[in-house]
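Chemist: What follows is protein_29.txt; its format and atoms are compact mmCIF, C-alpha atoms.
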# COMPACT_ATOMS: atom_id res chain seq x y z
CA MET A 1 -41.00 -6.31 -9.94
CA LYS A 2 -39.44 -8.32 -12.77
CA LEU A 3 -36.47 -10.56 -12.02
CA SER A 4 -34.23 -8.62 -14.41
CA THR A 5 -35.11 -5.35 -12.64
CA LYS A 6 -34.34 -6.87 -9.24
CA LEU A 7 -30.99 -8.13 -10.50
CA LEU A 8 -30.10 -4.70 -11.86
CA LEU A 9 -31.09 -3.10 -8.55
CA LEU A 10 -28.97 -5.56 -6.57
CA ALA A 11 -26.02 -5.03 -8.90
CA GLY A 12 -26.35 -1.28 -8.48
CA LEU A 13 -26.40 -1.61 -4.70
CA ALA A 14 -23.35 -3.87 -4.77
CA LEU A 15 -21.44 -1.41 -6.93
CA GLY A 16 -22.46 1.35 -4.55
CA PHE A 17 -21.01 -0.54 -1.59
CA VAL A 18 -17.79 -1.22 -3.50
CA GLY A 19 -17.50 2.44 -4.41
CA THR A 20 -18.03 3.46 -0.79
CA ALA A 21 -15.35 1.07 0.44
CA SER A 22 -12.85 2.32 -2.14
CA ALA A 23 -13.58 5.95 -1.31
CA ALA A 24 -12.78 5.26 2.35
CA VAL A 25 -9.10 4.58 1.59
CA GLU A 26 -6.92 7.69 1.81
CA THR A 27 -3.36 8.05 0.54
CA TYR A 28 -0.89 9.94 2.72
CA VAL A 29 2.65 10.81 1.62
CA ILE A 30 5.35 11.19 4.30
CA ASP A 31 6.61 14.76 4.69
CA PRO A 32 10.37 14.43 5.40
CA ALA A 33 10.58 18.04 6.60
CA HIS A 34 8.32 17.22 9.56
CA SER A 35 9.30 13.58 10.15
CA SER A 36 12.28 11.71 11.56
CA VAL A 37 13.86 8.25 11.61
CA GLY A 38 16.11 7.80 14.63
CA PHE A 39 17.96 4.97 16.35
CA THR A 40 20.16 4.28 19.36
CA VAL A 41 22.88 1.66 19.80
CA ARG A 42 24.88 0.87 22.93
CA HIS A 43 28.59 1.71 22.88
CA LEU A 44 30.28 0.29 25.97
CA PHE A 45 27.97 1.72 28.67
CA SER A 46 26.22 4.57 26.84
CA GLN A 47 23.51 4.80 24.20
CA VAL A 48 24.70 6.55 21.02
CA PRO A 49 21.96 8.21 18.95
CA GLY A 50 21.77 8.48 15.18
CA SER A 51 19.30 9.16 12.41
CA PHE A 52 18.63 8.89 8.70
CA THR A 53 17.86 12.26 7.14
CA LYS A 54 16.57 11.10 3.73
CA PHE A 55 13.53 8.85 3.42
CA ASN A 56 10.14 8.64 1.76
CA GLY A 57 6.99 6.60 2.09
CA THR A 58 3.27 6.23 1.54
CA LEU A 59 0.43 5.19 3.83
CA MET A 60 -2.83 3.80 2.46
CA VAL A 61 -5.25 4.45 5.32
CA ASP A 62 -8.76 3.09 5.86
CA ARG A 63 -9.84 5.03 8.93
CA ASP A 64 -13.01 2.98 9.34
CA HIS A 65 -11.09 -0.30 9.20
CA MET A 66 -7.48 0.46 10.11
CA GLU A 67 -6.56 -3.22 9.89
CA ASN A 68 -6.91 -2.81 6.11
CA SER A 69 -4.30 -0.04 5.99
CA SER A 70 -0.78 -0.41 4.62
CA VAL A 71 2.53 1.42 4.57
CA GLU A 72 5.65 1.32 2.42
CA ALA A 73 8.82 3.29 3.13
CA THR A 74 12.37 3.63 1.83
CA ILE A 75 15.38 5.00 3.72
CA ASP A 76 18.57 6.29 2.07
CA ILE A 77 21.48 4.65 3.91
CA GLY A 78 23.85 7.33 2.64
CA SER A 79 21.99 9.82 4.82
CA VAL A 80 22.99 8.17 8.11
CA ASN A 81 23.98 10.81 10.64
CA THR A 82 25.50 10.22 14.09
CA ALA A 83 27.09 13.69 14.30
CA VAL A 84 30.56 12.17 13.76
CA GLU A 85 31.64 12.14 10.11
CA LYS A 86 34.28 9.44 10.57
CA ARG A 87 31.75 7.14 12.22
CA ASP A 88 29.11 7.88 9.57
CA ASN A 89 31.57 6.96 6.81
CA HIS A 90 32.41 3.74 8.65
CA LEU A 91 28.70 2.86 8.94
CA LYS A 92 28.34 3.34 5.17
CA SER A 93 31.33 1.09 4.48
CA PRO A 94 31.24 -2.68 3.77
CA ASP A 95 31.96 -3.25 7.48
CA PHE A 96 28.36 -2.26 8.23
CA PHE A 97 25.69 -1.20 5.70
CA ASP A 98 27.79 -1.30 2.52
CA ALA A 99 25.83 1.66 1.13
CA ALA A 100 27.51 1.56 -2.28
CA LYS A 101 26.14 -1.93 -2.89
CA PHE A 102 22.92 -1.68 -0.86
CA PRO A 103 21.86 1.99 -0.91
CA THR A 104 18.44 1.68 0.71
CA ILE A 105 16.48 0.12 3.54
CA THR A 106 12.88 -0.76 2.70
CA PHE A 107 9.79 -1.64 4.75
CA LYS A 108 6.49 -2.97 3.40
CA SER A 109 3.67 -3.80 5.79
CA LYS A 110 1.76 -7.08 5.64
CA SER A 111 -0.76 -6.71 8.48
CA TRP A 112 -2.09 -4.27 11.09
CA LYS A 113 -3.32 -5.55 14.47
CA LYS A 114 -5.16 -3.27 16.88
CA THR A 115 -3.53 -3.16 20.32
CA GLY A 116 -5.29 -0.14 21.87
CA ASP A 117 -7.56 2.81 21.14
CA ASP A 118 -5.06 4.40 18.75
CA SER A 119 -2.26 1.83 18.61
CA TYR A 120 -1.40 -1.03 16.26
CA ASP A 121 1.21 -3.70 15.76
CA VAL A 122 2.22 -3.28 12.13
CA THR A 123 3.99 -6.37 10.83
CA GLY A 124 5.99 -6.09 7.64
CA ASP A 125 9.03 -7.08 5.62
CA LEU A 126 12.15 -5.09 6.45
CA THR A 127 15.03 -5.36 3.99
CA ILE A 128 18.54 -4.26 4.98
CA LYS A 129 21.43 -5.15 2.68
CA ASP A 130 20.34 -8.41 1.04
CA VAL A 131 18.39 -9.71 4.05
CA THR A 132 14.60 -9.51 4.42
CA LYS A 133 12.97 -10.33 7.74
CA SER A 134 9.52 -9.89 9.26
CA VAL A 135 9.50 -7.22 11.97
CA VAL A 136 6.82 -5.58 14.09
CA LEU A 137 6.45 -1.81 14.44
CA ALA A 138 4.49 -0.61 17.47
CA VAL A 139 2.54 2.23 15.86
CA LYS A 140 0.51 4.98 17.50
CA VAL A 141 -1.92 7.11 15.51
CA LEU A 142 -1.50 10.72 16.64
CA GLY A 143 -4.40 12.14 14.65
CA PHE A 144 -5.88 13.45 11.42
CA GLY A 145 -6.72 17.06 10.64
CA PRO A 146 -6.25 20.14 8.47
CA GLY A 147 -2.78 21.13 7.31
CA MET A 148 -1.13 24.54 7.41
CA MET A 149 -2.30 25.50 3.93
CA PRO A 150 -6.00 25.91 3.07
CA GLY A 151 -7.58 22.78 1.67
CA THR A 152 -4.81 20.45 2.87
CA ALA A 153 -4.98 17.62 5.40
CA VAL A 154 -2.33 15.74 7.38
CA SER A 155 -1.94 12.75 9.66
CA GLY A 156 0.51 12.06 12.48
CA TRP A 157 2.16 8.77 13.50
CA GLU A 158 4.76 7.36 15.84
CA GLY A 159 6.47 3.98 15.54
CA THR A 160 9.02 2.03 17.53
CA ALA A 161 10.84 -1.25 17.02
CA THR A 162 13.81 -3.14 18.40
CA LEU A 163 16.07 -4.85 15.86
CA MET A 164 19.16 -7.01 16.11
CA ARG A 165 21.70 -5.64 13.63
CA GLY A 166 23.38 -9.03 13.36
CA ASP A 167 20.16 -10.47 11.93
CA PHE A 168 20.68 -8.24 8.89
CA GLY A 169 24.43 -8.72 8.49
CA VAL A 170 25.28 -5.27 9.87
CA ASN A 171 27.95 -6.81 12.08
CA GLY A 172 30.92 -4.48 11.90
CA PRO A 173 34.56 -5.62 12.12
CA ALA A 174 35.49 -8.37 14.57
CA MET A 175 37.77 -5.95 16.45
CA LEU A 176 34.69 -4.23 17.87
CA GLY A 177 33.92 -7.30 19.94
CA LYS A 178 31.12 -6.49 22.36
CA ALA A 179 31.91 -2.78 22.52
CA VAL A 180 28.94 -2.06 20.22
CA GLY A 181 25.59 -3.61 21.13
CA ASP A 182 23.65 -5.82 18.76
CA GLU A 183 20.30 -4.34 19.80
CA VAL A 184 19.12 -1.29 17.85
CA LYS A 185 16.17 0.74 19.11
CA VAL A 186 14.33 2.53 16.31
CA THR A 187 12.02 5.52 16.80
CA ILE A 188 10.01 6.96 13.93
CA SER A 189 7.95 10.15 13.94
CA VAL A 190 5.86 10.89 10.86
CA GLU A 191 3.73 13.69 9.53
CA ALA A 192 2.10 12.69 6.25
CA ASP A 193 0.15 14.81 3.76
CA LEU A 194 -3.13 13.66 2.26
CA LYS A 195 -2.68 13.12 -1.46
CA LYS A 196 -5.42 14.72 -3.52
Translate the structure of the given file into structure tokens.

Modeler:
Amino acid sequence: MKLSTKLLLLAGLALGFVGTASAAVETYVIDPAHSSVGFTVRHLFSQVPGSFTKFNGTLMVDRDHMENSSVEATIDIGSVNTAVEKRDNHLKSPDFFDAAKFPTITFKSKSWKKTGDDSYDVTGDLTIKDVTKSVVLAVKVLGFGPGMMPGTAVSGWEGTATLMRGDFGVNGPAMLGKAVGDEVKVTISVEADLKK
């Protein structure tokens, strides 16, 4: 076999491998109707729950090599809901999130580390107000399979993290003192649709 023919064959094989690797990456779009972003914060002795009702995000998933996957998400701070309108308005005020000036929370993953059969530590940049910090989401893969409509596919995910609101300048007025805890426990449940 001539050298030029061998080189062409090798180049073809290399392109084939590249094509296979690219084809393995799937894009999933978060379905807000079947997903949730919740949190709890201590008030005196109890844990007060809340949620954000508007959010969106995309997962780039390599099921053969999950460590190569990535996720980006955006949360609308104006959608905060603790079931008490007065408290929600206060959370959106400059005392806390200052939603008029900083309307969104964003997360962009930087690395995925396998921690179990279907679990990963997903490290990424979380931006709240004008502060960006590296945080770790403990993520569990719930599965992949067909969706409700013919020809569709979905994936399921759960994620948890513990944040310190003071780290992001969400301090609240000084009068609150220690009545409201600094620790915020975040729980995320996601169903995401495969993008065709």

Chemist: Sort by chain and increasing residue number a table of all residues of range 98-159 of chain A within 12 Å of range 52-57 of chain A, each with its closest pair of atoms and their distance in Å to one decimal, counting all atoms listed in the file, and write it as a Markdown table.

Modeler:
| residue | atom | partner | partner_atom | distance |
| --- | --- | --- | --- | --- |
| A:Pro103 | CA | A:Lys54 | CA | 11.5 |
| A:Thr104 | CA | A:Phe55 | CA | 9.1 |
| A:Ile105 | CA | A:Phe55 | CA | 9.2 |
| A:Thr106 | CA | A:Gly57 | CA | 9.4 |
| A:Phe107 | CA | A:Gly57 | CA | 9.1 |
| A:Lys108 | CA | A:Gly57 | CA | 9.7 |
| A:Ser109 | CA | A:Gly57 | CA | 11.5 |

Chemist: Just to be explicit: take each residue in the selection above, keep C-alpha atoms, and write the result as an mmCIF file, in the frame of the given file.

Modeler:
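And here's result.cif as it stands now:
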data_model
loop_
_atom_site.group_PDB
_atom_site.id
_atom_site.type_symbol
_atom_site.label_atom_id
_atom_site.label_comp_id
_atom_site.auth_asym_id
_atom_site.auth_seq_id
_atom_site.Cartn_x
_atom_site.Cartn_y
_atom_site.Cartn_z
ATOM 1 C CA PRO A 103 21.860 1.990 -0.910
ATOM 2 C CA THR A 104 18.440 1.680 0.710
ATOM 3 C CA ILE A 105 16.480 0.120 3.540
ATOM 4 C CA THR A 106 12.880 -0.760 2.700
ATOM 5 C CA PHE A 107 9.790 -1.640 4.750
ATOM 6 C CA LYS A 108 6.490 -2.970 3.400
ATOM 7 C CA SER A 109 3.670 -3.800 5.790
#

Chemist: Tell me which protein, DNA and RNA residues are within 10 Å of Arg165 in chain A, counting only C-alpha atoms, leaving out same-chain ones fewer than 6 positions away, and put them as a ChimeraX atom specification.

Modeler: /A:41,96-97,128,171-172,181-184

Chemist: As an exercise, work out the distance from CA of Asp98 in chain A to CA of Lys129 in chain A in Å and give it to one decimal place.

Modeler: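 According to the coordinates, CA of Asp98 in chain A and CA of Lys129 in chain A are separated by 7.4 Å.
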
Chemist: Tell me, in Å to one decimal, how far CA of Lys86 in chain A is from CA of Gly177 in chain A.

Modeler: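 Rounded to one decimal, the two atoms are 19.2 Å apart.
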
Chemist: Report the distance between CA of Gly147 in chain A and CA of Val29 in chain A in Å, rounded to one decimal place.

Modeler: 13.0 Å

Chemist: For each of A:His34, A:Lys185, A:Arg63, A:Arg87, take the minimum atom-to-atom distance to Gly143 in chain A, counting all atoms listed in the file, then give the residue where this is smallest.

Modeler: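 Going through A:His34, A:Lys185, A:Arg63, A:Arg87 one by one, the smallest distance to Gly143 in chain A is for A:Arg63.
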
Chemist: Enclose all atoms of range 134-150 of chain A listed in the file in an axis-aligned box, grow every side by 3 Å, and hand back centre and edge lengths in Å to one decimal, as AutoDock Vina command-line options.

Modeler:
--center_x 1.4 --center_y 8.0 --center_z 10.3 --size_x 22.2 --size_y 41.8 --size_z 20.4

Chemist: For a quick check of your reading of the model, name the residues lying within 8 Å of the coordinate (14.7, 7.5, 16.8), counting all atoms listed in the file, and write them as a list of chain:residue names.

Modeler: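 Those residues lying close to the given coordinates are A:Ser36, A:Val37, A:Gly38, A:Phe39, A:Thr40, A:Pro49, A:Gly50, A:Ser51, A:Thr160, A:Lys185, A:Val186, A:Thr187, A:Ile188, A:Ser189.
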
Chemist: Write out as a PDB file with C-alpha atoms, in the coordinates of the input the residues lying within 12 Å of Lys110 in chain A, counting all atoms listed in the file and excluding same-chain residues fewer than 2 positions away.

Modeler:
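Saved result, part_3.pdb, follows:
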ATOM      1  CA  GLU A  67      -6.560  -3.220   9.890  1.00  0.00           C
ATOM      2  CA  ASN A  68      -6.910  -2.810   6.110  1.00  0.00           C
ATOM      3  CA  SER A  69      -4.300  -0.040   5.990  1.00  0.00           C
ATOM      4  CA  SER A  70      -0.780  -0.410   4.620  1.00  0.00           C
ATOM      5  CA  VAL A  71       2.530   1.420   4.570  1.00  0.00           C
ATOM      6  CA  GLU A  72       5.650   1.320   2.420  1.00  0.00           C
ATOM      7  CA  PHE A 107       9.790  -1.640   4.750  1.00  0.00           C
ATOM      8  CA  LYS A 108       6.490  -2.970   3.400  1.00  0.00           C
ATOM      9  CA  TRP A 112      -2.090  -4.270  11.090  1.00  0.00           C
ATOM     10  CA  LYS A 113      -3.320  -5.550  14.470  1.00  0.00           C
ATOM     11  CA  ASP A 121       1.210  -3.700  15.760  1.00  0.00           C
ATOM     12  CA  VAL A 122       2.220  -3.280  12.130  1.00  0.00           C
ATOM     13  CA  THR A 123       3.990  -6.370  10.830  1.00  0.00           C
ATOM     14  CA  GLY A 124       5.990  -6.090   7.640  1.00  0.00           C
ATOM     15  CA  ASP A 125       9.030  -7.080   5.620  1.00  0.00           C
ATOM     16  CA  LEU A 126      12.150  -5.090   6.450  1.00  0.00           C
ATOM     17  CA  LYS A 133      12.970 -10.330   7.740  1.00  0.00           C
ATOM     18  CA  SER A 134       9.520  -9.890   9.260  1.00  0.00           C
ATOM     19  CA  VAL A 135       9.500  -7.220  11.970  1.00  0.00           C
ATOM     20  CA  VAL A 136       6.820  -5.580  14.090  1.00  0.00           C
ATOM     21  CA  LEU A 137       6.450  -1.810  14.440  1.00  0.00           C
TER      22      LEU A 137
END

Chemist: Within 7 Å of Arg42 in chain A, counting all atoms listed in the file, which residues show up once you throw out same-chain ones fewer than 3 positions away? Write them as a compact mmCIF listing (two decimals) with C-alpha atoms, in the frame of the given file, please.

Modeler:
# COMPACT_ATOMS: atom_id res chain seq x y z
CA PHE A 45 27.97 1.72 28.67
CA SER A 46 26.22 4.57 26.84
CA GLN A 47 23.51 4.80 24.20
CA VAL A 48 24.70 6.55 21.02
CA VAL A 180 28.94 -2.06 20.22
CA GLY A 181 25.59 -3.61 21.13

Chemist: Taking only C-alpha atoms into account, name the residue in A:Met148, A:Val131, A:Ala138, A:Val80 that is nearest to Asp167 in chain A.

Modeler: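 Of all the options, A:Val131 lies closest to Asp167 in chain A.
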